[in-house]
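Before any comments, here is the structure.
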There are 2 protein chains.
Amino acid sequence: MLPTRIQIVEVGPRDGLQNEAVSIAVADKVTFVDGLSEAGHTAIEVAAFVSARWVPQMADSAEVLGGIRRRAGVRYSALVPNLTGLRRAQEASVGEIAIFAAASQTFSRRNINQSIAESLSAYGAVCEEALAAGMRVRAYLSVAFGCPFEGPVPSATVADLAARLVDLGVYEVALSDTIGVAHPKQVREVLDVVAARVAIDRIALHMHDTRGTALVNVYAGLQAGVTTFDASAGGLGGCPYAPGATGNLATEDLLYMVHGLGIDTGVRLDAVVDASRRMETLVGHLLPSRVFRAATAPPPADALTR
Amino acid sequence: MLPTRIQIVEVGPRDGLQNEAVSIAVADKVTFVDGLSEAGHTAIEVAAFVSARWVPQMADSAEVLGGIRRRAGVRYSALVPNLTGLRRAQEASVGEIAIFAAASQTFSRRNINQSIAESLSAYGAVCEEALAAGMRVRAYLSVAFGCPFEGPVPSATVADLAARLVDLGVYEVALSDTIGVAHPKQVREVLDVVAARVAIDRIALHMHDTRGTALVNVYAGLQAGVTTFDASAGGLGGCPYAPGATGNLATEDLLYMVHGLGIDTGVRLDAVVDASRRMETLVGHLLPSRVFRAATAPPPADALTR
């Protein structure tokens with residue numbers, strides 16, 4: 001049985017725009033986030049308080065958070081790597097942060113220059129301070145379905161790290177297919193192992209569409225009882241036509257499928273398309289979401305055969 | 001339980017190239033088909049004996065069929081609309097033909113200028129003659145999951161038409177999501193209704209990826225017991241970045257998923273990528289297959305966060 005309702009975490013303003021080559025003006029980011037909340041999104045990752053040297057696209061996070069119109073019932077969050085980031089998030093009046101650990105040592109070293117153990121220790125302090133301040137903490141577990149350096153990642157490792165993140169006080173762990181290699185059988189296997197350690201309602205899926213499998217992996221997740229999925233408006237942050245694309249699952253593609261499945265999201269597809277359309281003109285390339293493309297350039301009705 | 005082995009019907013040389021804007025030289029088509037058979041494909045739709053005025057891309061079908069190296073164990077087929085097409089196919093020594101009916105009256109009228117009943121009557125004569133000559137006949141049932149003119153198509157209509165096509169002597173009916181609107185729940189529902197009339201091993205799925213759902217619809221089909229799926233190398237015949245794209249499911253995307261699921265196809269992914277790569281230089285645009293794109297332009301290993 002599939003769930004009757006799911007929670008979508010919209011990551012376009014952060015995970016999406018962070019991976020775009022061009023810089024977007026604060027006012028345009030604000031319009032984008034407000035468009036997404038007006039579309040019905042109730043969880044939006046807006047910003048990241050990370051090094052502006054490494055991630056210049058997020059340098060204006062405080063201004064964006066200061067500019068958006070905060071709607072009641074919507075959770076706005078920011079990615080933070082450490083205590084400094086947490087404090088900047090607090091100054092920007094963010095009620096929720098996201099931390100990011102990795103499921104492989106090599107990826108952890110390369111991504112955040114810490115071993116997994118070191119990162120969990122540091123995040124322990126971040127969680128403690130955030131929770132004491134009444135904030136909610138979400139965690140990403142990167143490369144949970146495969147690492148570009150180490151290859152396959154044992155499900156037991158993923159389960160163990162997910163459990164340790166929950167022990168730190170995070171309300172949810174987003175198992176992330178960072179390089180888009182997962183297939184639905186693997187998703188089921190990993191979820192079964194993880195669910196033996198962590199309640200399934202604390203598990204989210206953050207799939208990348210690098211190999212076109214994001215949606216089918218979501219479907220496998222739905223069949224396994226997962227009810228929270230990350231997605232990026234328009235598929236922002238990845239373009240299959242550009243080398244180096246990471247390919248976030250597009251919100252429009254997710255909505256089209258789950259609404260077809262009779263699953264309620266509270267999010268209006270047409271309004272997300274509108275928000276994406278405005279952003280498309282700013283990022284300087286066509287957005288990869290197939291539903292967005294079909295909505296903005298419908299195929300001709302007449303086509304011979306098949 | 002998923003099947004341990006599936007049959008892929010490679011439609012790139014026909015359904016793919018037919019929908020590309022540029023004309024491909026006979027020698028290049030021959031190289032393409034031979035590359036696909038060398039990759040392990042055992043069912044390839046090579047050509048179409050249709051009006052050269054309406055489908056100029058297929059005008060050289062006899063030459064292509066005369067040029068390919070026919071490997072033992074590989075079924076080469078051609079699309080035919082009528083008795084004239086059948087005879088041209090016979091002259092080209094094709095052992096298998098494909099006919100195409102529609103699941104909605106309006107689409108049937110627009111696509112082949114006949115009512116459904118008229119088309120079935122005409123195809124009856126085609127089947128009779130083909131079967132008498134020892135040929136195999138496959139059928140497409142277009143717009144089985146939705147019509148651009150009529151919208152939803154009743155499952156009972158699909159089941160009835162599939163049964164009538166089987167009664168004509170076709171060995172298999174490819175239920176076709178011509179405009180790429182199906183979602184996995186619908187796939188399951190349609191298949192359940194059809195399977196009450198036609199043995200499931202006579203049903204194939206021909207999905208288009210217009211809205212990104214082709215692969216998840218295949219997965220739903222696998223779960224329902226379907227073991228034959230159509231796909232087009234590189235996703236030829238549709239490009240989400242071009243208006244009017246119809247978006248065939250890409251063979252590479254299908255292979256990546258089903259091989260991950262532990263399902264045998266007999267087809268080597270890397271060899272299909274090689275065949276697609278050569279064709280990509282000829283069609284003049286990037287091919288939409290995400291696995292092809294990832295294989296030919298791998299994402300960088302280092303990407304901050306998630």
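Every chain in the structure tokens has a letter given in the order shown (A, B, ...), and although residue numbers restart at 1 in each chain, ligands are simply numbered from 1 in the order shown.
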Superposition of chain A onto chain B by least squares over all sequentially paired C-alpha atoms; the transformed chain is requested as an mmCIF file with C-alpha atoms, in the first residue's frame.
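Listed below is the output, result_9.cif:
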```
data_model
loop_
_atom_site.group_PDB
_atom_site.id
_atom_site.type_symbol
_atom_site.label_atom_id
_atom_site.label_comp_id
_atom_site.auth_asym_id
_atom_site.auth_seq_id
_atom_site.Cartn_x
_atom_site.Cartn_y
_atom_site.Cartn_z
ATOM 1 C CA MET A 1 8.746 -11.133 -7.694
ATOM 2 C CA LEU A 2 10.499 -9.594 -10.646
ATOM 3 C CA PRO A 3 11.404 -11.676 -13.697
ATOM 4 C CA THR A 4 14.989 -12.917 -14.014
ATOM 5 C CA ARG A 5 15.183 -12.103 -17.704
ATOM 6 C CA ILE A 6 13.405 -9.711 -20.050
ATOM 7 C CA GLN A 7 13.216 -9.190 -23.782
ATOM 8 C CA ILE A 8 14.050 -5.729 -25.072
ATOM 9 C CA VAL A 9 12.704 -4.640 -28.436
ATOM 10 C CA GLU A 10 15.119 -2.040 -29.791
ATOM 11 C CA VAL A 11 13.127 0.531 -31.762
ATOM 12 C CA GLY A 12 15.800 3.188 -32.227
ATOM 13 C CA PRO A 13 16.434 2.579 -35.937
ATOM 14 C CA ARG A 14 12.708 2.950 -36.700
ATOM 15 C CA ASP A 15 10.749 4.795 -34.005
ATOM 16 C CA GLY A 16 13.863 6.714 -33.064
ATOM 17 C CA LEU A 17 15.207 7.827 -36.421
ATOM 18 C CA GLN A 18 11.719 8.330 -37.843
ATOM 19 C CA ASN A 19 11.226 11.148 -35.378
ATOM 20 C CA GLU A 20 14.564 12.848 -35.940
ATOM 21 C CA ALA A 21 14.631 15.921 -38.125
ATOM 22 C CA VAL A 22 17.695 15.005 -40.149
ATOM 23 C CA SER A 23 18.062 12.232 -42.668
ATOM 24 C CA ILE A 24 20.642 9.563 -41.936
ATOM 25 C CA ALA A 25 22.545 7.891 -44.775
ATOM 26 C CA VAL A 26 21.842 4.236 -45.480
ATOM 27 C CA ALA A 27 25.399 3.220 -44.590
ATOM 28 C CA ASP A 28 25.138 4.945 -41.207
ATOM 29 C CA LYS A 29 21.815 3.289 -40.469
ATOM 30 C CA VAL A 30 23.330 -0.072 -41.356
ATOM 31 C CA THR A 31 26.277 0.549 -39.038
ATOM 32 C CA PHE A 32 23.827 1.535 -36.311
ATOM 33 C CA VAL A 33 21.698 -1.593 -36.656
ATOM 34 C CA ASP A 34 24.765 -3.821 -36.825
ATOM 35 C CA GLY A 35 26.136 -2.143 -33.704
ATOM 36 C CA LEU A 36 22.900 -2.845 -31.892
ATOM 37 C CA SER A 37 22.854 -6.512 -32.862
ATOM 38 C CA GLU A 38 26.500 -6.809 -31.848
ATOM 39 C CA ALA A 39 25.521 -5.308 -28.488
ATOM 40 C CA GLY A 40 23.348 -8.346 -27.940
ATOM 41 C CA HIS A 41 19.934 -7.139 -29.031
ATOM 42 C CA THR A 42 17.778 -9.972 -30.330
ATOM 43 C CA ALA A 43 14.784 -7.940 -31.526
ATOM 44 C CA ILE A 44 15.367 -4.808 -33.602
ATOM 45 C CA GLU A 45 12.743 -2.801 -35.443
ATOM 46 C CA VAL A 46 14.814 -1.680 -38.383
ATOM 47 C CA ALA A 47 12.537 0.006 -40.854
ATOM 48 C CA ALA A 48 9.060 1.100 -41.918
ATOM 49 C CA PHE A 49 7.319 0.586 -45.230
ATOM 50 C CA VAL A 50 5.089 3.614 -44.972
ATOM 51 C CA SER A 51 4.485 6.552 -47.277
ATOM 52 C CA ALA A 52 7.766 8.260 -48.108
ATOM 53 C CA ARG A 53 5.778 11.456 -48.462
ATOM 54 C CA TRP A 54 4.721 11.362 -44.815
ATOM 55 C CA VAL A 55 7.806 9.700 -43.376
ATOM 56 C CA PRO A 56 10.793 10.558 -45.586
ATOM 57 C CA GLN A 57 13.211 9.273 -42.929
ATOM 58 C CA MET A 58 12.090 5.701 -43.707
ATOM 59 C CA ALA A 59 12.163 5.950 -47.517
ATOM 60 C CA ASP A 60 15.378 3.922 -47.665
ATOM 61 C CA SER A 61 14.043 1.013 -45.609
ATOM 62 C CA ALA A 62 14.659 -1.599 -48.285
ATOM 63 C CA GLU A 63 18.273 -0.488 -48.728
ATOM 64 C CA VAL A 64 18.876 -0.582 -44.980
ATOM 65 C CA LEU A 65 17.413 -4.068 -44.671
ATOM 66 C CA GLY A 66 19.516 -5.124 -47.647
ATOM 67 C CA GLY A 67 22.687 -3.766 -46.069
ATOM 68 C CA ILE A 68 22.621 -5.027 -42.515
ATOM 69 C CA ARG A 69 24.536 -8.078 -41.441
ATOM 70 C CA ARG A 70 21.845 -10.444 -40.227
ATOM 71 C CA ARG A 71 22.978 -12.273 -37.153
ATOM 72 C CA ALA A 72 21.535 -15.645 -36.205
ATOM 73 C CA GLY A 73 19.004 -15.417 -33.403
ATOM 74 C CA VAL A 74 18.129 -11.784 -34.058
ATOM 75 C CA ARG A 75 14.640 -10.815 -35.198
ATOM 76 C CA TYR A 76 14.656 -7.863 -37.586
ATOM 77 C CA SER A 77 11.272 -6.264 -38.160
ATOM 78 C CA ALA A 78 9.584 -3.507 -40.119
ATOM 79 C CA LEU A 79 6.527 -1.408 -39.467
ATOM 80 C CA VAL A 80 3.818 -1.761 -42.132
ATOM 81 C CA PRO A 81 0.505 0.080 -42.384
ATOM 82 C CA ASN A 82 -1.190 -2.037 -45.065
ATOM 83 C CA LEU A 83 -0.863 -4.789 -47.676
ATOM 84 C CA THR A 84 1.359 -2.649 -49.872
ATOM 85 C CA GLY A 85 3.739 -2.204 -46.960
ATOM 86 C CA LEU A 86 3.624 -5.924 -46.232
ATOM 87 C CA ARG A 87 4.645 -6.774 -49.763
ATOM 88 C CA ARG A 88 7.504 -4.304 -49.691
ATOM 89 C CA ALA A 89 8.599 -5.862 -46.401
ATOM 90 C CA GLN A 90 8.470 -9.314 -47.960
ATOM 91 C CA GLU A 91 10.583 -8.130 -50.881
ATOM 92 C CA ALA A 92 13.112 -6.894 -48.328
ATOM 93 C CA SER A 93 13.169 -10.371 -46.731
ATOM 94 C CA VAL A 94 11.759 -9.277 -43.401
ATOM 95 C CA GLY A 95 10.581 -12.155 -41.252
ATOM 96 C CA GLU A 96 8.515 -10.000 -38.924
ATOM 97 C CA ILE A 97 6.246 -7.004 -39.306
ATOM 98 C CA ALA A 98 4.628 -4.614 -36.856
ATOM 99 C CA ILE A 99 1.176 -3.118 -37.340
ATOM 100 C CA PHE A 100 -0.191 -0.151 -35.420
ATOM 101 C CA ALA A 101 -3.711 0.411 -34.201
ATOM 102 C CA ALA A 102 -4.951 3.097 -31.833
ATOM 103 C CA ALA A 103 -6.971 2.929 -28.625
ATOM 104 C CA SER A 104 -8.969 6.074 -29.386
ATOM 105 C CA GLN A 105 -11.094 6.853 -32.440
ATOM 106 C CA THR A 106 -9.767 10.378 -32.835
ATOM 107 C CA PHE A 107 -6.149 9.312 -32.735
ATOM 108 C CA SER A 108 -6.868 6.497 -35.185
ATOM 109 C CA ARG A 109 -8.504 8.960 -37.591
ATOM 110 C CA ARG A 110 -5.707 11.474 -37.278
ATOM 111 C CA ASN A 111 -2.862 8.978 -37.412
ATOM 112 C CA ILE A 112 -3.982 6.511 -40.065
ATOM 113 C CA ASN A 113 -7.162 8.106 -41.424
ATOM 114 C CA GLN A 114 -9.322 5.136 -40.469
ATOM 115 C CA SER A 115 -11.724 4.333 -37.678
ATOM 116 C CA ILE A 116 -10.501 1.694 -35.251
ATOM 117 C CA ALA A 117 -12.880 -0.855 -36.808
ATOM 118 C CA GLU A 118 -11.689 -0.035 -40.318
ATOM 119 C CA SER A 119 -8.072 -0.398 -39.266
ATOM 120 C CA LEU A 120 -8.659 -3.744 -37.584
ATOM 121 C CA SER A 121 -10.431 -4.979 -40.678
ATOM 122 C CA ALA A 122 -7.562 -3.894 -42.911
ATOM 123 C CA TYR A 123 -4.989 -5.336 -40.526
ATOM 124 C CA GLY A 124 -6.933 -8.595 -40.597
ATOM 125 C CA ALA A 125 -6.024 -8.966 -44.248
ATOM 126 C CA VAL A 126 -2.405 -7.986 -43.560
ATOM 127 C CA CYS A 127 -2.104 -10.523 -40.749
ATOM 128 C CA GLU A 128 -3.713 -13.257 -42.800
ATOM 129 C CA GLU A 129 -1.286 -12.776 -45.664
ATOM 130 C CA ALA A 130 1.745 -12.345 -43.406
ATOM 131 C CA LEU A 131 0.969 -15.401 -41.310
ATOM 132 C CA ALA A 132 0.301 -17.468 -44.435
ATOM 133 C CA ALA A 133 3.789 -16.469 -45.608
ATOM 134 C CA GLY A 134 5.266 -17.670 -42.295
ATOM 135 C CA MET A 135 5.944 -14.203 -40.921
ATOM 136 C CA ARG A 136 5.488 -13.080 -37.338
ATOM 137 C CA VAL A 137 3.250 -10.081 -36.628
ATOM 138 C CA ARG A 138 3.553 -7.697 -33.694
ATOM 139 C CA ALA A 139 1.035 -4.944 -32.929
ATOM 140 C CA TYR A 140 1.329 -1.538 -31.335
ATOM 141 C CA LEU A 141 -1.710 -0.181 -29.568
ATOM 142 C CA SER A 142 -1.153 3.579 -29.541
ATOM 143 C CA VAL A 143 -2.450 5.992 -26.890
ATOM 144 C CA ALA A 144 -3.289 3.064 -24.605
ATOM 145 C CA PHE A 145 -2.652 5.256 -21.546
ATOM 146 C CA GLY A 146 -4.129 8.514 -22.768
ATOM 147 C CA CYS A 147 -4.995 10.321 -25.991
ATOM 148 C CA PRO A 148 -3.982 13.889 -26.843
ATOM 149 C CA PHE A 149 -7.470 14.470 -28.269
ATOM 150 C CA GLU A 150 -9.770 12.381 -26.085
ATOM 151 C CA GLY A 151 -7.862 12.287 -22.797
ATOM 152 C CA PRO A 152 -8.247 9.162 -20.669
ATOM 153 C CA VAL A 153 -8.829 5.871 -22.479
ATOM 154 C CA PRO A 154 -10.917 3.216 -20.663
ATOM 155 C CA SER A 155 -8.902 0.156 -19.643
ATOM 156 C CA ALA A 156 -11.724 -2.030 -20.931
ATOM 157 C CA THR A 157 -11.261 -0.513 -24.388
ATOM 158 C CA VAL A 158 -7.540 -1.222 -24.268
ATOM 159 C CA ALA A 159 -8.193 -4.803 -23.165
ATOM 160 C CA ASP A 160 -10.812 -5.348 -25.852
ATOM 161 C CA LEU A 161 -8.571 -4.025 -28.618
ATOM 162 C CA ALA A 162 -5.590 -6.016 -27.367
ATOM 163 C CA ALA A 163 -7.717 -9.157 -27.446
ATOM 164 C CA ARG A 164 -8.934 -8.391 -30.962
ATOM 165 C CA LEU A 165 -5.368 -7.865 -32.166
ATOM 166 C CA VAL A 166 -4.364 -11.214 -30.673
ATOM 167 C CA ASP A 167 -7.359 -12.747 -32.419
ATOM 168 C CA LEU A 168 -5.916 -11.434 -35.693
ATOM 169 C CA GLY A 169 -2.869 -13.578 -35.018
ATOM 170 C CA VAL A 170 -0.335 -11.110 -33.629
ATOM 171 C CA TYR A 171 2.066 -12.772 -31.205
ATOM 172 C CA GLU A 172 2.379 -9.668 -29.017
ATOM 173 C CA VAL A 173 0.667 -6.349 -28.380
ATOM 174 C CA ALA A 174 2.837 -3.416 -27.321
ATOM 175 C CA LEU A 175 0.683 -1.157 -25.166
ATOM 176 C CA SER A 176 2.024 2.250 -26.070
ATOM 177 C CA ASP A 177 2.092 5.411 -24.008
ATOM 178 C CA THR A 178 2.381 7.511 -27.125
ATOM 179 C CA ILE A 179 2.281 10.879 -25.407
ATOM 180 C CA GLY A 180 4.061 9.837 -22.217
ATOM 181 C CA VAL A 181 1.294 10.501 -19.707
ATOM 182 C CA ALA A 182 1.075 7.195 -17.854
ATOM 183 C CA HIS A 183 1.889 6.779 -14.198
ATOM 184 C CA PRO A 184 2.702 3.497 -12.453
ATOM 185 C CA LYS A 185 -0.659 3.031 -10.728
ATOM 186 C CA GLN A 186 -2.399 3.384 -14.083
ATOM 187 C CA VAL A 187 0.049 0.950 -15.689
ATOM 188 C CA ARG A 188 -0.848 -1.616 -13.062
ATOM 189 C CA GLU A 189 -4.567 -1.009 -13.462
ATOM 190 C CA VAL A 190 -4.491 -1.244 -17.255
ATOM 191 C CA LEU A 191 -2.330 -4.371 -17.151
ATOM 192 C CA ASP A 192 -4.647 -6.061 -14.662
ATOM 193 C CA VAL A 193 -7.641 -5.430 -16.921
ATOM 194 C CA VAL A 194 -5.791 -6.441 -20.083
ATOM 195 C CA ALA A 195 -4.350 -9.585 -18.474
ATOM 196 C CA ALA A 196 -7.882 -10.802 -17.839
ATOM 197 C CA ARG A 197 -8.337 -10.967 -21.622
ATOM 198 C CA VAL A 198 -4.823 -11.603 -22.992
ATOM 199 C CA ALA A 199 -2.007 -13.724 -21.562
ATOM 200 C CA ILE A 200 0.536 -11.434 -19.904
ATOM 201 C CA ASP A 201 3.374 -12.926 -21.980
ATOM 202 C CA ARG A 202 1.699 -11.485 -25.059
ATOM 203 C CA ILE A 203 1.804 -7.970 -23.626
ATOM 204 C CA ALA A 204 4.741 -5.604 -24.080
ATOM 205 C CA LEU A 205 5.131 -2.030 -22.876
ATOM 206 C CA HIS A 206 6.248 0.783 -25.149
ATOM 207 C CA MET A 207 6.713 3.805 -22.891
ATOM 208 C CA HIS A 208 7.647 7.346 -23.757
ATOM 209 C CA ASP A 209 9.590 9.473 -21.327
ATOM 210 C CA THR A 210 7.927 12.789 -22.086
ATOM 211 C CA ARG A 211 7.197 13.365 -18.408
ATOM 212 C CA GLY A 212 10.067 11.330 -16.984
ATOM 213 C CA THR A 213 7.859 8.387 -16.009
ATOM 214 C CA ALA A 214 8.940 5.778 -18.572
ATOM 215 C CA LEU A 215 11.295 3.941 -16.246
ATOM 216 C CA VAL A 216 8.972 3.874 -13.252
ATOM 217 C CA ASN A 217 6.216 2.647 -15.542
ATOM 218 C CA VAL A 218 8.494 -0.159 -16.704
ATOM 219 C CA TYR A 219 9.113 -1.007 -13.055
ATOM 220 C CA ALA A 220 5.366 -1.185 -12.458
ATOM 221 C CA GLY A 221 5.121 -3.391 -15.537
ATOM 222 C CA LEU A 222 7.840 -5.700 -14.221
ATOM 223 C CA GLN A 223 5.987 -5.982 -10.931
ATOM 224 C CA ALA A 224 2.827 -6.880 -12.878
ATOM 225 C CA GLY A 225 4.599 -9.662 -14.785
ATOM 226 C CA VAL A 226 5.419 -8.006 -18.111
ATOM 227 C CA THR A 227 8.693 -9.282 -19.575
ATOM 228 C CA THR A 228 8.999 -7.404 -22.884
ATOM 229 C CA PHE A 229 9.828 -3.706 -23.148
ATOM 230 C CA ASP A 230 10.527 -1.414 -26.082
ATOM 231 C CA ALA A 231 13.367 1.093 -25.926
ATOM 232 C CA SER A 232 15.331 3.350 -28.247
ATOM 233 C CA ALA A 233 19.133 3.613 -28.187
ATOM 234 C CA GLY A 234 20.198 6.928 -26.693
ATOM 235 C CA GLY A 235 16.557 7.952 -26.382
ATOM 236 C CA LEU A 236 16.608 8.661 -30.120
ATOM 237 C CA GLY A 237 13.383 10.099 -31.451
ATOM 238 C CA GLY A 238 12.773 12.458 -28.638
ATOM 239 C CA CYS A 239 14.726 15.168 -26.955
ATOM 240 C CA PRO A 240 13.369 16.940 -23.899
ATOM 241 C CA TYR A 241 15.227 20.057 -24.981
ATOM 242 C CA ALA A 242 13.456 20.312 -28.287
ATOM 243 C CA PRO A 243 9.839 21.358 -28.647
ATOM 244 C CA GLY A 244 7.802 18.506 -30.032
ATOM 245 C CA ALA A 245 9.863 15.815 -28.373
ATOM 246 C CA THR A 246 8.035 12.536 -27.982
ATOM 247 C CA GLY A 247 10.712 11.019 -25.827
ATOM 248 C CA ASN A 248 11.227 7.310 -26.342
ATOM 249 C CA LEU A 249 12.452 5.458 -23.284
ATOM 250 C CA ALA A 250 16.212 5.212 -23.759
ATOM 251 C CA THR A 251 17.696 1.731 -24.007
ATOM 252 C CA GLU A 252 20.631 2.744 -21.837
ATOM 253 C CA ASP A 253 18.338 3.976 -19.053
ATOM 254 C CA LEU A 254 16.324 0.759 -19.201
ATOM 255 C CA LEU A 255 19.462 -1.400 -19.154
ATOM 256 C CA TYR A 256 20.972 0.476 -16.213
ATOM 257 C CA MET A 257 17.880 -0.063 -14.110
ATOM 258 C CA VAL A 258 17.056 -3.650 -14.979
ATOM 259 C CA HIS A 259 20.661 -4.813 -14.708
ATOM 260 C CA GLY A 260 20.691 -3.180 -11.274
ATOM 261 C CA LEU A 261 17.586 -5.171 -10.473
ATOM 262 C CA GLY A 262 19.484 -8.342 -11.348
ATOM 263 C CA ILE A 263 17.461 -8.902 -14.525
ATOM 264 C CA ASP A 264 19.265 -10.389 -17.497
ATOM 265 C CA THR A 265 18.787 -8.812 -20.929
ATOM 266 C CA GLY A 266 21.620 -10.253 -22.981
ATOM 267 C CA VAL A 267 22.447 -6.695 -24.054
ATOM 268 C CA ARG A 268 25.729 -4.946 -23.195
ATOM 269 C CA LEU A 269 25.190 -1.383 -22.013
ATOM 270 C CA ASP A 270 28.631 -0.164 -23.073
ATOM 271 C CA ALA A 271 28.113 -1.431 -26.601
ATOM 272 C CA VAL A 272 24.754 0.345 -26.867
ATOM 273 C CA VAL A 273 26.433 3.546 -25.661
ATOM 274 C CA ASP A 274 29.002 3.114 -28.432
ATOM 275 C CA ALA A 275 26.272 2.734 -31.070
ATOM 276 C CA SER A 276 24.423 5.753 -29.698
ATOM 277 C CA ARG A 277 27.590 7.852 -29.593
ATOM 278 C CA ARG A 278 28.154 7.378 -33.313
ATOM 279 C CA MET A 279 24.528 8.215 -34.041
ATOM 280 C CA GLU A 280 24.639 11.311 -31.823
ATOM 281 C CA THR A 281 27.192 12.916 -34.110
ATOM 282 C CA LEU A 282 24.832 12.349 -37.049
ATOM 283 C CA VAL A 283 21.490 13.529 -35.674
ATOM 284 C CA GLY A 284 22.940 16.886 -34.725
ATOM 285 C CA HIS A 285 21.826 17.178 -31.107
ATOM 286 C CA LEU A 286 22.668 15.701 -27.736
ATOM 287 C CA LEU A 287 20.798 12.478 -27.049
ATOM 288 C CA PRO A 288 18.427 12.610 -24.074
ATOM 289 C CA SER A 289 19.334 9.311 -22.401
ATOM 290 C CA ARG A 290 20.573 10.192 -18.928
ATOM 291 C CA VAL A 291 22.697 7.089 -18.597
ATOM 292 C CA PHE A 292 24.214 7.826 -22.015
ATOM 293 C CA ARG A 293 24.975 11.368 -20.877
ATOM 294 C CA ALA A 294 26.461 10.174 -17.602
ATOM 295 C CA ALA A 295 28.573 7.624 -19.490
ATOM 296 C CA THR A 296 29.868 10.132 -22.003
ATOM 297 C CA ALA A 297 30.319 13.065 -19.586
ATOM 298 C CA PRO A 298 30.772 11.745 -16.075
ATOM 299 C CA PRO A 299 29.989 14.144 -13.257
ATOM 300 C CA PRO A 300 32.935 15.384 -11.220
ATOM 301 C CA ALA A 301 33.688 13.350 -8.155
ATOM 302 C CA ASP A 302 33.953 16.352 -5.891
ATOM 303 C CA ALA A 303 30.754 18.209 -5.178
ATOM 304 C CA LEU A 304 30.144 19.932 -1.917
ATOM 305 C CA THR A 305 27.317 18.702 0.319
ATOM 306 C CA ARG A 306 24.303 16.483 0.172
#
```
_Among region 27-232 of chain A, which residues does DSSP mark as alpha helix (DSSP H) when it is run on the backbone? Keep the chain and numbering as in the structure and answer as a PyMOL selection string._
chain A and resi 27-38+61-67+83-91+105-112+116-132+155-167+184-195+214-223
*Any chance you could list, as a ChimeraX atom specification, the residues in region 117-277 of chain B that come up strand (DSSP E) when DSSP is run on the backbone?*
/B:136-142,172-177,203-207,228-231
